[in-house]
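Printed here is final_4.csv (CSV, C-alpha atoms and all ligand atoms):
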```
chain,number,residue,atom,x,y,z
M,16,MET,CA,-18.5,56.4,7.3
M,17,LYS,CA,-15.4,57.8,5.5
M,18,LYS,CA,-13.0,55.0,4.6
M,19,ASP,CA,-9.3,54.9,3.9
M,20,TRP,CA,-8.4,53.0,0.7
M,21,LYS,CA,-7.0,50.1,2.7
M,22,THR,CA,-10.4,49.7,4.4
M,23,LYS,CA,-12.1,49.9,1.1
M,24,LEU,CA,-10.1,46.9,0.0
M,25,ILE,CA,-12.2,45.0,2.5
M,26,HIS,CA,-15.3,47.0,3.1
M,27,SER,CA,-16.4,48.2,-0.4
M,28,ASP,CA,-19.5,50.3,-1.2
M,29,VAL,CA,-19.7,48.8,-4.7
M,30,ARG,CA,-23.2,47.5,-5.6
M,31,VAL,CA,-23.8,45.4,-8.8
M,32,PRO,CA,-27.3,45.1,-10.4
M,33,GLU,CA,-29.5,42.5,-8.8
M,34,GLY,CA,-31.6,39.9,-10.7
M,35,PHE,CA,-28.9,37.9,-12.6
M,36,ARG,CA,-30.4,34.5,-13.6
M,37,SER,CA,-28.5,31.7,-15.4
M,38,LEU,CA,-28.6,28.0,-15.7
M,39,ALA,CA,-25.4,27.4,-13.6
M,40,THR,CA,-25.6,26.9,-9.8
M,41,PRO,CA,-23.6,29.8,-8.2
M,42,VAL,CA,-20.4,28.8,-6.4
M,43,TYR,CA,-20.9,30.0,-2.8
M,44,ARG,CA,-17.6,29.9,-1.0
M,45,GLY,CA,-17.2,30.7,2.6
M,46,SER,CA,-15.9,29.6,6.0
M,47,THR,CA,-17.3,32.6,7.9
M,48,VAL,CA,-21.1,32.9,7.8
M,49,LEU,CA,-22.4,36.3,8.9
M,50,PHE,CA,-25.1,36.6,11.6
M,51,GLU,CA,-27.7,39.4,11.7
M,52,ASP,CA,-26.8,40.4,15.3
M,53,ALA,CA,-25.0,39.1,18.4
M,54,GLU,CA,-28.0,37.2,19.6
M,55,ALA,CA,-28.3,35.3,16.3
M,56,VAL,CA,-24.8,33.6,16.7
M,57,ASP,CA,-25.3,29.9,16.6
M,58,ASP,CA,-23.1,26.8,15.9
M,59,ARG,CA,-25.8,24.2,15.2
M,60,TRP,CA,-24.8,22.0,12.2
M,61,ASN,CA,-28.3,21.4,10.8
M,62,GLN,CA,-28.6,24.2,8.3
M,63,TYR,CA,-32.2,23.2,7.5
M,64,GLU,CA,-33.1,24.1,11.1
M,65,ALA,CA,-30.6,26.7,12.1
M,66,GLY,CA,-30.1,28.6,8.8
M,67,TYR,CA,-26.6,29.0,7.7
M,68,THR,CA,-24.1,29.1,10.6
M,69,TYR,CA,-20.7,27.9,9.3
M,70,GLY,CA,-19.1,26.9,6.0
M,71,LEU,CA,-18.2,23.5,7.3
M,72,TYR,CA,-21.8,22.4,7.3
M,73,GLY,CA,-22.4,23.4,3.7
M,74,THR,CA,-22.8,26.5,1.6
M,75,PRO,CA,-25.8,26.7,-0.7
M,76,THR,CA,-23.7,25.1,-3.5
M,77,VAL,CA,-22.9,22.1,-1.2
M,78,LEU,CA,-26.5,21.7,-0.1
M,79,GLU,CA,-27.7,22.0,-3.6
M,80,LEU,CA,-25.5,18.9,-4.6
M,81,ALA,CA,-26.7,17.1,-1.4
M,82,GLY,CA,-30.3,17.8,-2.3
M,83,ARG,CA,-29.9,16.7,-5.8
M,84,ILE,CA,-28.3,13.4,-4.9
M,85,CYS,CA,-30.9,12.8,-2.2
M,86,GLU,CA,-33.6,13.4,-4.8
M,87,LEU,CA,-32.1,10.9,-7.1
M,88,GLU,CA,-31.7,8.2,-4.4
M,89,GLY,CA,-35.1,8.8,-2.9
M,90,GLY,CA,-33.7,9.6,0.6
M,91,TYR,CA,-34.6,11.9,3.4
M,92,ARG,CA,-31.3,13.9,3.5
M,93,THR,CA,-27.8,13.7,2.1
M,94,ILE,CA,-24.5,14.8,3.5
M,95,ILE,CA,-21.6,15.7,1.2
M,96,THR,CA,-18.1,14.6,2.3
M,97,PRO,CA,-14.6,15.4,0.8
M,98,GLY,CA,-14.4,12.0,-0.9
M,99,GLY,CA,-16.0,8.6,-1.0
M,100,GLN,CA,-13.7,7.1,1.6
M,101,ALA,CA,-14.6,10.0,3.9
M,102,ALA,CA,-18.3,9.1,3.4
M,103,ILE,CA,-17.6,5.5,4.5
M,104,THR,CA,-15.7,6.5,7.6
M,105,LEU,CA,-18.3,9.1,8.5
M,106,VAL,CA,-20.9,6.3,8.5
M,107,ASP,CA,-18.7,4.1,10.7
M,108,LEU,CA,-17.8,6.8,13.2
M,109,ALA,CA,-21.3,8.1,13.5
M,110,LEU,CA,-23.0,4.8,14.0
M,111,LEU,CA,-20.6,2.7,16.0
M,112,LYS,CA,-19.0,2.9,19.5
M,113,ALA,CA,-16.7,0.6,21.6
M,114,GLY,CA,-18.3,-2.8,22.2
M,115,ASP,CA,-20.4,-2.7,19.0
M,116,HIS,CA,-20.0,-5.3,16.2
M,117,ILE,CA,-19.7,-4.5,12.5
M,118,LEU,CA,-19.9,-6.9,9.5
M,119,LEU,CA,-18.4,-6.1,6.1
M,120,PRO,CA,-18.3,-8.2,2.9
M,121,GLN,CA,-14.9,-9.7,2.0
M,122,SER,CA,-15.3,-8.0,-1.3
M,123,VAL,CA,-15.6,-4.5,0.2
M,124,TYR,CA,-13.5,-1.6,-1.1
M,125,THR,CA,-10.1,-2.2,0.5
M,126,PRO,CA,-9.7,1.2,2.4
M,127,SER,CA,-13.1,0.5,4.0
M,128,ARG,CA,-11.9,-2.9,5.1
M,129,LYS,CA,-8.7,-1.4,6.4
M,130,PHE,CA,-10.5,1.4,8.3
M,131,ALA,CA,-12.6,-1.2,10.0
M,132,SER,CA,-9.8,-3.6,10.8
M,133,ARG,CA,-7.2,-1.0,11.8
M,134,ILE,CA,-9.0,2.1,13.1
M,135,LEU,CA,-12.4,0.8,14.4
M,136,ARG,CA,-10.7,-2.2,16.0
M,137,GLY,CA,-8.4,0.1,17.8
M,138,PHE,CA,-11.4,2.0,19.1
M,139,GLY,CA,-12.8,-1.2,20.6
M,140,VAL,CA,-15.3,-2.1,17.8
M,141,GLU,CA,-15.6,-5.8,17.0
M,142,VAL,CA,-15.0,-6.3,13.3
M,143,GLY,CA,-16.1,-9.3,11.2
M,144,PHE,CA,-16.2,-10.1,7.5
M,145,TYR,CA,-18.6,-12.3,5.6
M,146,ALA,CA,-18.7,-13.9,2.2
M,147,PRO,CA,-20.4,-11.5,-0.2
M,148,GLU,CA,-22.6,-14.3,-1.6
M,149,THR,CA,-24.2,-14.7,1.8
M,150,GLY,CA,-27.8,-13.6,1.6
M,151,GLY,CA,-30.2,-14.3,4.5
M,152,GLY,CA,-27.5,-16.7,5.8
M,153,ILE,CA,-25.9,-13.6,7.4
M,154,SER,CA,-28.2,-14.1,10.3
M,155,GLU,CA,-25.8,-16.8,11.6
M,156,LEU,CA,-23.1,-14.1,11.9
M,157,LEU,CA,-25.3,-11.4,13.5
M,158,LYS,CA,-24.7,-11.0,17.3
M,159,PRO,CA,-26.6,-9.1,19.9
M,160,ASN,CA,-24.1,-6.3,19.6
M,161,THR,CA,-24.1,-6.1,15.8
M,162,ARG,CA,-25.0,-2.5,14.9
M,163,LEU,CA,-23.9,-2.1,11.3
M,164,VAL,CA,-23.7,-4.4,8.3
M,165,TRP,CA,-22.1,-3.0,5.2
M,166,CYS,CA,-23.0,-4.1,1.7
M,167,GLU,CA,-21.2,-3.2,-1.6
M,168,SER,CA,-22.8,-4.5,-4.7
M,169,PRO,CA,-21.2,-5.4,-6.9
M,170,GLY,CA,-18.1,-5.9,-4.8
M,171,SER,CA,-14.8,-4.0,-5.6
M,172,ILE,CA,-12.9,-5.8,-8.4
M,173,THR,CA,-14.3,-9.3,-7.9
M,174,MET,CA,-17.9,-8.0,-8.7
M,175,GLU,CA,-20.0,-10.2,-6.5
M,176,VAL,CA,-23.7,-9.0,-6.6
M,177,GLN,CA,-25.2,-9.2,-3.1
M,178,ASP,CA,-28.7,-10.2,-2.1
M,179,VAL,CA,-29.3,-6.9,-0.4
M,180,PRO,CA,-33.0,-7.4,0.5
M,181,ALA,CA,-32.2,-10.7,2.3
M,182,ILE,CA,-29.3,-9.2,4.2
M,183,CYS,CA,-31.4,-6.2,5.2
M,184,GLU,CA,-34.2,-8.4,6.4
M,185,ALA,CA,-31.9,-10.5,8.6
M,186,ALA,CA,-30.0,-7.4,9.9
M,187,HIS,CA,-33.2,-5.5,10.8
M,188,LYS,CA,-34.6,-8.5,12.6
M,189,ALA,CA,-31.4,-8.5,14.7
M,190,GLY,CA,-31.6,-4.8,15.3
M,191,ALA,CA,-28.7,-3.8,13.0
M,192,LEU,CA,-28.6,-1.1,10.3
M,193,VAL,CA,-27.5,-1.7,6.8
M,194,ALA,CA,-25.2,0.7,4.9
M,195,LEU,CA,-24.6,0.2,1.2
M,196,ASP,CA,-21.8,1.4,-1.1
M,197,ASN,CA,-23.9,2.3,-4.1
M,198,THR,CA,-21.1,3.8,-6.2
M,199,TRP,CA,-21.1,1.3,-9.1
M,200,ALA,CA,-24.8,1.9,-9.7
M,201,ALA,CA,-24.2,5.7,-9.5
M,202,GLY,CA,-27.1,5.8,-7.0
M,203,VAL,CA,-29.6,5.3,-9.8
M,204,TYR,CA,-29.3,1.8,-11.2
M,205,PHE,CA,-30.0,0.2,-7.8
M,206,ASP,CA,-32.7,1.6,-5.6
M,207,ALA,CA,-31.1,1.1,-2.2
M,208,PHE,CA,-33.9,2.2,0.0
M,209,ALA,CA,-36.6,0.2,-1.9
M,210,HIS,CA,-34.3,-2.8,-1.3
M,211,GLY,CA,-34.1,-2.2,2.4
M,212,ALA,CA,-30.9,-0.2,3.0
M,213,ASP,CA,-30.9,2.4,5.8
M,214,VAL,CA,-27.9,4.3,4.6
M,215,THR,CA,-26.3,4.6,1.2
M,216,MET,CA,-23.0,6.2,0.2
M,217,GLN,CA,-21.4,7.0,-3.1
M,218,ALA,CA,-18.0,8.1,-4.2
M,219,VAL,CA,-19.4,11.1,-6.1
M,220,THR,CA,-15.9,11.2,-7.5
M,221,LYS,CA,-16.9,8.5,-10.0
M,222,TYR,CA,-20.0,8.8,-12.2
M,223,VAL,CA,-21.7,11.9,-10.7
M,224,ALA,CA,-18.6,14.0,-11.1
M,225,GLY,CA,-17.7,12.0,-14.2
M,226,HIS,CA,-14.5,13.6,-15.4
M,227,SER,CA,-11.7,12.3,-13.1
M,228,ASP,CA,-11.0,15.8,-11.8
M,229,LEU,CA,-12.3,15.9,-8.3
M,230,LEU,CA,-13.0,13.9,-5.1
M,231,LEU,CA,-16.3,14.0,-3.3
M,232,GLY,CA,-18.6,11.6,-1.4
M,233,SER,CA,-22.2,11.4,-0.3
M,234,VAL,CA,-24.1,9.7,2.5
M,235,THR,CA,-27.8,9.5,2.1
M,236,VAL,CA,-30.2,8.4,4.8
M,237,LYS,CA,-33.9,7.6,4.9
M,238,GLU,CA,-34.8,8.8,8.3
M,239,ASP,CA,-34.1,11.7,10.6
M,240,ALA,CA,-32.7,9.7,13.6
M,241,ILE,CA,-29.8,8.5,11.5
M,242,TYR,CA,-29.3,12.0,9.9
M,243,GLN,CA,-29.0,13.5,13.4
M,244,LYS,CA,-26.1,11.1,14.2
M,245,LEU,CA,-24.4,11.6,10.9
M,246,GLY,CA,-24.7,15.4,11.0
M,247,ALA,CA,-23.4,15.6,14.5
M,248,ALA,CA,-20.4,13.4,13.6
M,249,GLN,CA,-19.6,15.4,10.5
M,250,GLN,CA,-19.5,18.5,12.6
M,251,LEU,CA,-17.0,17.0,15.1
M,252,VAL,CA,-14.9,15.1,12.6
M,253,GLY,CA,-14.8,18.3,10.5
M,254,LEU,CA,-15.5,16.9,7.1
M,255,ALA,CA,-16.0,19.9,4.8
M,256,ALA,CA,-16.6,19.6,1.1
M,257,SER,CA,-15.3,22.2,-1.4
M,258,PRO,CA,-18.1,24.3,-3.0
M,259,ASP,CA,-16.0,24.5,-6.1
M,260,ASP,CA,-15.8,20.8,-6.4
M,261,CYS,CA,-19.6,20.6,-5.7
M,262,SER,CA,-20.2,23.0,-8.5
M,263,LEU,CA,-18.2,20.8,-10.9
M,264,ALA,CA,-20.2,17.7,-9.6
M,265,LEU,CA,-23.4,19.6,-10.2
M,266,ARG,CA,-22.3,20.2,-13.8
M,267,GLY,CA,-21.2,16.6,-14.2
M,268,MET,CA,-24.6,15.4,-12.9
M,269,LYS,CA,-26.5,17.1,-15.7
M,270,THR,CA,-24.9,14.8,-18.3
M,271,MET,CA,-24.8,11.7,-16.2
M,272,ALA,CA,-27.8,10.0,-17.9
M,273,VAL,CA,-26.2,10.2,-21.4
M,274,ARG,CA,-22.7,9.3,-20.1
M,275,LEU,CA,-24.0,6.3,-18.2
M,276,LYS,CA,-26.0,5.1,-21.2
M,277,ALA,CA,-23.1,5.3,-23.5
M,278,ILE,CA,-20.7,3.8,-21.0
M,279,GLU,CA,-23.1,1.0,-20.2
M,280,ALA,CA,-23.5,0.0,-23.9
M,281,GLY,CA,-19.7,0.3,-24.5
M,282,ALA,CA,-18.8,-1.7,-21.5
M,283,PHE,CA,-21.2,-4.5,-22.2
M,284,GLU,CA,-20.0,-4.8,-25.8
M,285,VAL,CA,-16.3,-4.8,-24.7
M,286,ALA,CA,-17.2,-7.4,-21.9
M,287,ARG,CA,-18.9,-9.7,-24.4
M,288,TRP,CA,-16.0,-9.4,-26.9
M,289,THR,CA,-13.5,-10.1,-24.2
M,290,GLU,CA,-15.4,-13.1,-22.9
M,291,ALA,CA,-15.0,-14.8,-26.3
M,292,ARG,CA,-11.2,-14.5,-26.3
M,293,ALA,CA,-9.1,-17.7,-25.7
M,294,GLU,CA,-6.8,-15.9,-23.2
M,295,VAL,CA,-9.7,-15.2,-20.9
M,296,GLU,CA,-11.1,-17.6,-18.3
M,297,MET,CA,-14.1,-15.4,-17.4
M,298,VAL,CA,-15.4,-11.9,-17.4
M,299,LEU,CA,-16.9,-10.6,-14.2
M,300,HIS,CA,-19.6,-8.2,-15.5
M,301,PRO,CA,-23.0,-8.6,-13.8
M,302,ALA,CA,-24.9,-8.1,-17.0
M,303,LEU,CA,-23.3,-11.1,-18.7
M,304,GLU,CA,-25.3,-14.3,-18.2
M,305,SER,CA,-22.0,-16.1,-17.4
M,306,CYS,CA,-21.2,-13.8,-14.4
M,307,PRO,CA,-22.0,-15.5,-11.0
M,308,GLY,CA,-24.1,-12.5,-9.8
M,309,HIS,CA,-26.1,-12.2,-13.0
M,310,ALA,CA,-29.5,-13.5,-11.7
M,311,LEU,CA,-29.4,-11.1,-8.7
M,312,TRP,CA,-28.3,-8.2,-10.9
M,313,LYS,CA,-31.2,-8.9,-13.2
M,314,ARG,CA,-33.7,-9.1,-10.3
M,315,ASP,CA,-32.5,-5.9,-8.6
M,316,PHE,CA,-30.7,-3.5,-10.9
M,317,THR,CA,-32.1,-1.3,-13.8
M,318,GLY,CA,-28.8,-0.9,-15.6
M,319,SER,CA,-25.0,-1.7,-15.5
M,320,ALA,CA,-22.0,0.5,-15.2
M,321,GLY,CA,-18.7,0.6,-17.0
M,322,VAL,CA,-16.5,-1.2,-14.5
M,323,PHE,CA,-15.9,-4.9,-14.8
M,324,SER,CA,-13.0,-7.4,-14.4
M,325,VAL,CA,-11.3,-9.9,-16.7
M,326,VAL,CA,-9.8,-13.1,-15.3
M,327,PHE,CA,-7.1,-14.6,-17.5
M,328,GLN,CA,-6.5,-18.4,-18.0
M,329,LYS,CA,-4.4,-20.1,-15.3
M,330,SER,CA,-1.5,-20.5,-17.7
M,331,PHE,CA,-0.8,-16.7,-17.7
M,332,THR,CA,2.0,-15.7,-15.4
M,333,LYS,CA,1.9,-12.3,-13.5
M,334,GLU,CA,4.6,-11.0,-15.9
M,335,ARG,CA,2.3,-11.7,-18.9
M,336,VAL,CA,-0.7,-10.1,-17.3
M,337,LEU,CA,1.3,-7.0,-16.5
M,338,ARG,CA,2.7,-7.0,-20.1
M,339,PHE,CA,-1.0,-7.0,-21.3
M,340,VAL,CA,-1.8,-3.9,-19.2
M,341,ASN,CA,1.4,-2.1,-20.2
M,342,ALA,CA,0.7,-2.8,-23.9
M,343,LEU,CA,-2.6,-0.9,-23.8
M,344,GLU,CA,-2.6,2.6,-25.3
M,345,LEU,CA,-6.1,4.0,-25.0
M,346,PHE,CA,-6.7,2.3,-21.6
M,347,LYS,CA,-4.7,4.3,-19.1
M,348,ILE,CA,-3.4,2.8,-15.9
M,349,GLY,CA,-5.0,4.4,-12.8
M,350,TYR,CA,-7.4,3.8,-10.0
M,351,SER,CA,-10.3,6.3,-9.9
M,352,TRP,CA,-12.8,5.0,-12.4
M,353,GLY,CA,-16.1,6.6,-13.6
M,354,GLY,CA,-14.6,9.2,-15.9
M,355,VAL,CA,-14.6,9.5,-19.7
M,356,THR,CA,-11.2,7.8,-20.1
M,357,SER,CA,-11.0,4.0,-20.1
M,358,LEU,CA,-8.7,2.5,-17.4
M,359,ALA,CA,-7.0,-0.8,-16.6
M,360,VAL,CA,-5.5,-2.0,-13.3
M,361,ALA,CA,-4.1,-5.4,-12.6
M,362,TYR,CA,-4.6,-6.8,-9.1
M,363,ASP,CA,-3.0,-9.6,-7.2
M,364,PHE,CA,-5.2,-11.4,-4.7
M,365,ARG,CA,-2.7,-14.0,-3.5
M,366,SER,CA,-2.4,-12.3,-0.1
M,367,SER,CA,-6.1,-11.2,0.2
M,368,PRO,CA,-7.9,-13.5,2.7
M,369,GLY,CA,-11.5,-14.4,1.7
M,370,ARG,CA,-11.1,-13.2,-1.9
M,371,PRO,CA,-11.7,-15.7,-4.8
M,372,ASP,CA,-8.8,-17.7,-6.1
M,373,TYR,CA,-8.0,-15.4,-9.0
M,374,GLY,CA,-4.4,-14.8,-7.8
M,375,HIS,CA,-2.6,-12.4,-10.1
M,376,ARG,CA,-4.8,-13.1,-13.1
M,377,ILE,CA,-7.4,-10.4,-12.6
M,378,VAL,CA,-7.5,-7.0,-14.4
M,379,ARG,CA,-10.2,-4.4,-13.7
M,380,LEU,CA,-11.3,-2.3,-16.7
M,381,SER,CA,-13.3,0.9,-16.6
M,382,ILE,CA,-14.9,1.8,-19.9
M,383,GLY,CA,-15.0,5.5,-20.8
M,384,LEU,CA,-16.5,7.3,-23.8
M,385,GLU,CA,-14.0,6.4,-26.5
M,386,ASP,CA,-15.2,4.6,-29.7
M,387,VAL,CA,-15.8,1.0,-28.8
M,388,GLY,CA,-14.2,-0.3,-32.0
M,389,ASP,CA,-11.0,1.5,-31.0
M,390,LEU,CA,-11.1,0.1,-27.5
M,391,LYS,CA,-11.5,-3.5,-28.8
M,392,ALA,CA,-8.6,-2.9,-31.2
M,393,ASP,CA,-6.5,-1.7,-28.3
M,394,LEU,CA,-7.4,-4.8,-26.2
M,395,GLU,CA,-6.7,-7.1,-29.2
M,396,LYS,CA,-3.3,-5.6,-29.8
M,397,ALA,CA,-2.4,-5.9,-26.0
M,398,LEU,CA,-3.7,-9.5,-25.9
M,399,GLU,CA,-1.4,-10.4,-28.8
M,400,LYS,CA,1.6,-8.8,-27.0
M,401,MET,CA,0.8,-11.0,-24.0
M,402,GLN,CA,1.4,-14.3,-25.8
N,501,LIG,C1,-16.6,1.3,-4.5
N,501,LIG,C2,-15.9,2.4,-4.0
N,501,LIG,N1,-16.3,3.0,-2.9
N,501,LIG,C3,-15.6,4.1,-2.4
N,501,LIG,C4,-14.5,4.6,-3.0
N,501,LIG,C5,-13.8,5.8,-2.4
N,501,LIG,O1,-14.0,7.0,-3.1
N,501,LIG,P1,-13.0,8.2,-3.2
N,501,LIG,O2,-11.9,7.8,-4.1
N,501,LIG,O3,-13.8,9.3,-3.6
N,501,LIG,O4,-12.4,8.3,-1.7
N,501,LIG,C6,-14.1,4.0,-4.2
N,501,LIG,C7,-12.9,4.6,-5.0
N,501,LIG,O5,-12.3,4.0,-5.8
N,501,LIG,C8,-14.8,2.9,-4.7
N,501,LIG,O6,-14.4,2.3,-5.9
```
Take the structure from the file and write it as structure tokens.
Ligand SMILES: Cc1ncc(COP(=O)(O)O)c(C=O)c1O
Amino acid sequence: MKKDWKTKLIHSDVRVPEGFRSLATPVYRGSTVLFEDAEAVDDRWNQYEAGYTYGLYGTPTVLELAGRICELEGGYRTIITPGGQAAITLVDLALLKAGDHILLPQSVYTPSRKFASRILRGFGVEVGFYAPETGGGISELLKPNTRLVWCESPGSITMEVQDVPAICEAAHKAGALVALDNTWAAGVYFDAFAHGADVTMQAVTKYVAGHSDLLLGSVTVKEDAIYQKLGAAQQLVGLAASPDDCSLALRGMKTMAVRLKAIEAGAFEVARWTEARAEVEMVLHPALESCPGHALWKRDFTGSAGVFSVVFQKSFTKERVLRFVNALELFKIGYSWGGVTSLAVAYDFRSSPGRPDYGHRIVRLSIGLEDVGDLKADLEKALEKMQ
């Protein structure tokens, strides 16, 4: 067919040579997916069954990242979401309905807690919280309508390590599923499915992506029945992940082992050094023997991450704790951890029900890839300015 130049802008006859091979995963962008003929048009979300039907359900780049995370976590299938919080809410929306009961640890990531207590409650879901140290004792809180129990181990900021196998055993006996936020362990230092979890999620934003430049999440399941519910919900909630971000995460994943190893060693050294300082009451790092969750961490984890918290002595006012954080130079002040830059954030738990009594004295550190001697020197200088 003869084409006007304006048509050629859209329907070109250019053909490039085939057979290009490289080590990078191609970035397949696309909302529209083309069908062979009118009969082939299909809107099923499961691209493993239906073939590709719509960009929302994942282009090959998105499914490649999903497959790789699934492989690492030893699951059946993984769904990629636009962020870690979207992964959490997808699990909640897919697995709960009005009249159901959900339990979350008091140490859970705050937006997960708020989604449950504000949005899920508004939809008629009964929401309860439990002490993160509760192991098999959770059976006392399980009700006939409990459908979902969340675990997050270690817990956000306060770092409680949970007895996930005991919680899973009790929950399963009562007919409830267990979902685990496995972000701290990067999906690799804690084998969620071997310890009984039914669903795991990760903020891929953190260690998988690894460079503080994108937001993505993942939900991994171990069986098809749960995958069907999650996939159907993802379609209707419309949670699409960017193929460009997935491509960056795939690149980040290739160096995750060496990054995690260096971060683990650096964080442990900084934690041990910090623990010996007179200004510090305790350091909440699960690999330290003094950390309350250490025995469970040793039993269940194969490594530790770079995020831990420092609790200052009771004599330190909030103003002095903030002065410490402000005096840091290499440690930047910001939330999203797991990148190559060390971070510090001060928290205040005085108005957080169910949280330990650390008040304003707790500072979370995330260790990056800087020289550990320089990080200690930075902390030392800031501790001096705090006096
Ligand atoms: C433990 C944990 N889970 C989930 C999230 C949410 O991830 P995102 O920031 O990608 O939404 C975070 C983010 O800080 C987190 O720390």
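The closest residue to ligand LIG 501 (chain N), picked from M:Pro180, M:Pro120, M:Gly90, M:Gly353 and counting all atoms listed in the file, is M:Gly353.
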Q: Please provide the set of residues having any atom within 6 Å of region 234-240 of chain M, restricted to all atoms listed in the file, with same-chain residues fewer than 6 positions apart removed, written as a ChimeraX atom specification.
A: /M:90-94,102,214-216
May I have the selected residues written with C-alpha atoms, as an mmCIF file, in the frame of the given file?
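Below is the file selection13.cif, written as the result:
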```
data_model
loop_
_atom_site.group_PDB
_atom_site.id
_atom_site.type_symbol
_atom_site.label_atom_id
_atom_site.label_comp_id
_atom_site.auth_asym_id
_atom_site.auth_seq_id
_atom_site.Cartn_x
_atom_site.Cartn_y
_atom_site.Cartn_z
ATOM 1 C CA GLY M 90 -33.700 9.600 0.600
ATOM 2 C CA TYR M 91 -34.600 11.900 3.400
ATOM 3 C CA ARG M 92 -31.300 13.900 3.500
ATOM 4 C CA THR M 93 -27.800 13.700 2.100
ATOM 5 C CA ILE M 94 -24.500 14.800 3.500
ATOM 6 C CA ALA M 102 -18.300 9.100 3.400
ATOM 7 C CA VAL M 214 -27.900 4.300 4.600
ATOM 8 C CA THR M 215 -26.300 4.600 1.200
ATOM 9 C CA MET M 216 -23.000 6.200 0.200
#
```
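Distance-wise, CA of Leu71 (chain M) and CA of Gly253 (chain M) end up 7.0 Å apart.
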Q | Nearby polymer residues, ligand LIG 501 (chain N), at most 10 Å, all atoms listed in the file, as a ChimeraX atom specification | A | /M:96-103,122-127,167-172,195-200,216-221,229-233,322,350-353
(Q) List as a list in words the residues having at least one atom at most 7 Å from position (-16.8, -5.7, -18.7) as given in the file, counting all atoms listed in the file. (A) Ala282, Phe283, Val285, Ala286, Val298, Leu299, His300, Gly321, Val322, Phe323, Ser324 and Leu380 of chain M
With C-alpha atoms retained, write the just-selected residues as a CSV table (one decimal), in the coordinates of the input.
```csv
chain,number,residue,atom,x,y,z
M,282,ALA,CA,-18.8,-1.7,-21.5
M,283,PHE,CA,-21.2,-4.5,-22.2
M,285,VAL,CA,-16.3,-4.8,-24.7
M,286,ALA,CA,-17.2,-7.4,-21.9
M,298,VAL,CA,-15.4,-11.9,-17.4
M,299,LEU,CA,-16.9,-10.6,-14.2
M,300,HIS,CA,-19.6,-8.2,-15.5
M,321,GLY,CA,-18.7,0.6,-17.0
M,322,VAL,CA,-16.5,-1.2,-14.5
M,323,PHE,CA,-15.9,-4.9,-14.8
M,324,SER,CA,-13.0,-7.4,-14.4
M,380,LEU,CA,-11.3,-2.3,-16.7
```
Q: Using all atoms listed in the file, determine which residues lie at most 7 Å from Thr76 (chain M), disregarding the query and same-chain residues fewer than 4 positions distant; provide the list as JSON, numbers by chain.
A: {"M": [40, 41, 42, 43, 80, 258, 261, 262]}
Resulting file, chosen residues, C-alpha atoms, as an mmCIF file, in the coordinates of the input:
```
data_model
loop_
_atom_site.group_PDB
_atom_site.id
_atom_site.type_symbol
_atom_site.label_atom_id
_atom_site.label_comp_id
_atom_site.auth_asym_id
_atom_site.auth_seq_id
_atom_site.Cartn_x
_atom_site.Cartn_y
_atom_site.Cartn_z
ATOM 1 C CA THR M 40 -25.600 26.900 -9.800
ATOM 2 C CA PRO M 41 -23.600 29.800 -8.200
ATOM 3 C CA VAL M 42 -20.400 28.800 -6.400
ATOM 4 C CA TYR M 43 -20.900 30.000 -2.800
ATOM 5 C CA LEU M 80 -25.500 18.900 -4.600
ATOM 6 C CA PRO M 258 -18.100 24.300 -3.000
ATOM 7 C CA CYS M 261 -19.600 20.600 -5.700
ATOM 8 C CA SER M 262 -20.200 23.000 -8.500
#
```
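Note that the spacing between CA of Arg136 (chain M) and CA of Gly114 (chain M) amounts to 9.8 Å.
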Region 304-310 of chain M rebuilt with N, CA, C and O atoms, output as a PDB file, keeping the file's coordinate frame:
```
ATOM      1  N   GLU M 304     -24.577 -13.109 -18.785  1.00  0.00           N
ATOM      2  CA  GLU M 304     -25.300 -14.300 -18.200  1.00  0.00           C
ATOM      3  C   GLU M 304     -24.281 -15.196 -17.478  1.00  0.00           C
ATOM      4  O   GLU M 304     -24.629 -15.877 -16.519  1.00  0.00           O
ATOM      5  N   SER M 305     -23.030 -15.230 -17.950  1.00  0.00           N
ATOM      6  CA  SER M 305     -22.000 -16.100 -17.400  1.00  0.00           C
ATOM      7  C   SER M 305     -21.490 -15.614 -16.030  1.00  0.00           C
ATOM      8  O   SER M 305     -20.786 -16.334 -15.328  1.00  0.00           O
ATOM      9  N   CYS M 306     -21.800 -14.392 -15.664  1.00  0.00           N
ATOM     10  CA  CYS M 306     -21.200 -13.800 -14.400  1.00  0.00           C
ATOM     11  C   CYS M 306     -22.005 -14.384 -13.228  1.00  0.00           C
ATOM     12  O   CYS M 306     -23.247 -14.399 -13.235  1.00  0.00           O
ATOM     13  N   PRO M 307     -21.285 -14.837 -12.188  1.00  0.00           N
ATOM     14  CA  PRO M 307     -22.000 -15.500 -11.000  1.00  0.00           C
ATOM     15  C   PRO M 307     -23.110 -14.658 -10.448  1.00  0.00           C
ATOM     16  O   PRO M 307     -24.094 -15.213 -10.023  1.00  0.00           O
ATOM     17  N   GLY M 308     -23.030 -13.357 -10.457  1.00  0.00           N
ATOM     18  CA  GLY M 308     -24.100 -12.500  -9.800  1.00  0.00           C
ATOM     19  C   GLY M 308     -25.201 -12.120 -10.761  1.00  0.00           C
ATOM     20  O   GLY M 308     -26.059 -11.303 -10.386  1.00  0.00           O
ATOM     21  N   HIS M 309     -25.209 -12.683 -11.979  1.00  0.00           N
ATOM     22  CA  HIS M 309     -26.100 -12.200 -13.000  1.00  0.00           C
ATOM     23  C   HIS M 309     -27.611 -12.206 -12.576  1.00  0.00           C
ATOM     24  O   HIS M 309     -28.346 -11.236 -12.799  1.00  0.00           O
ATOM     25  N   ALA M 310     -28.047 -13.323 -11.987  1.00  0.00           N
ATOM     26  CA  ALA M 310     -29.500 -13.500 -11.700  1.00  0.00           C
ATOM     27  C   ALA M 310     -29.911 -12.372 -10.663  1.00  0.00           C
ATOM     28  O   ALA M 310     -30.979 -11.765 -10.827  1.00  0.00           O
TER      29      ALA M 310
END
```
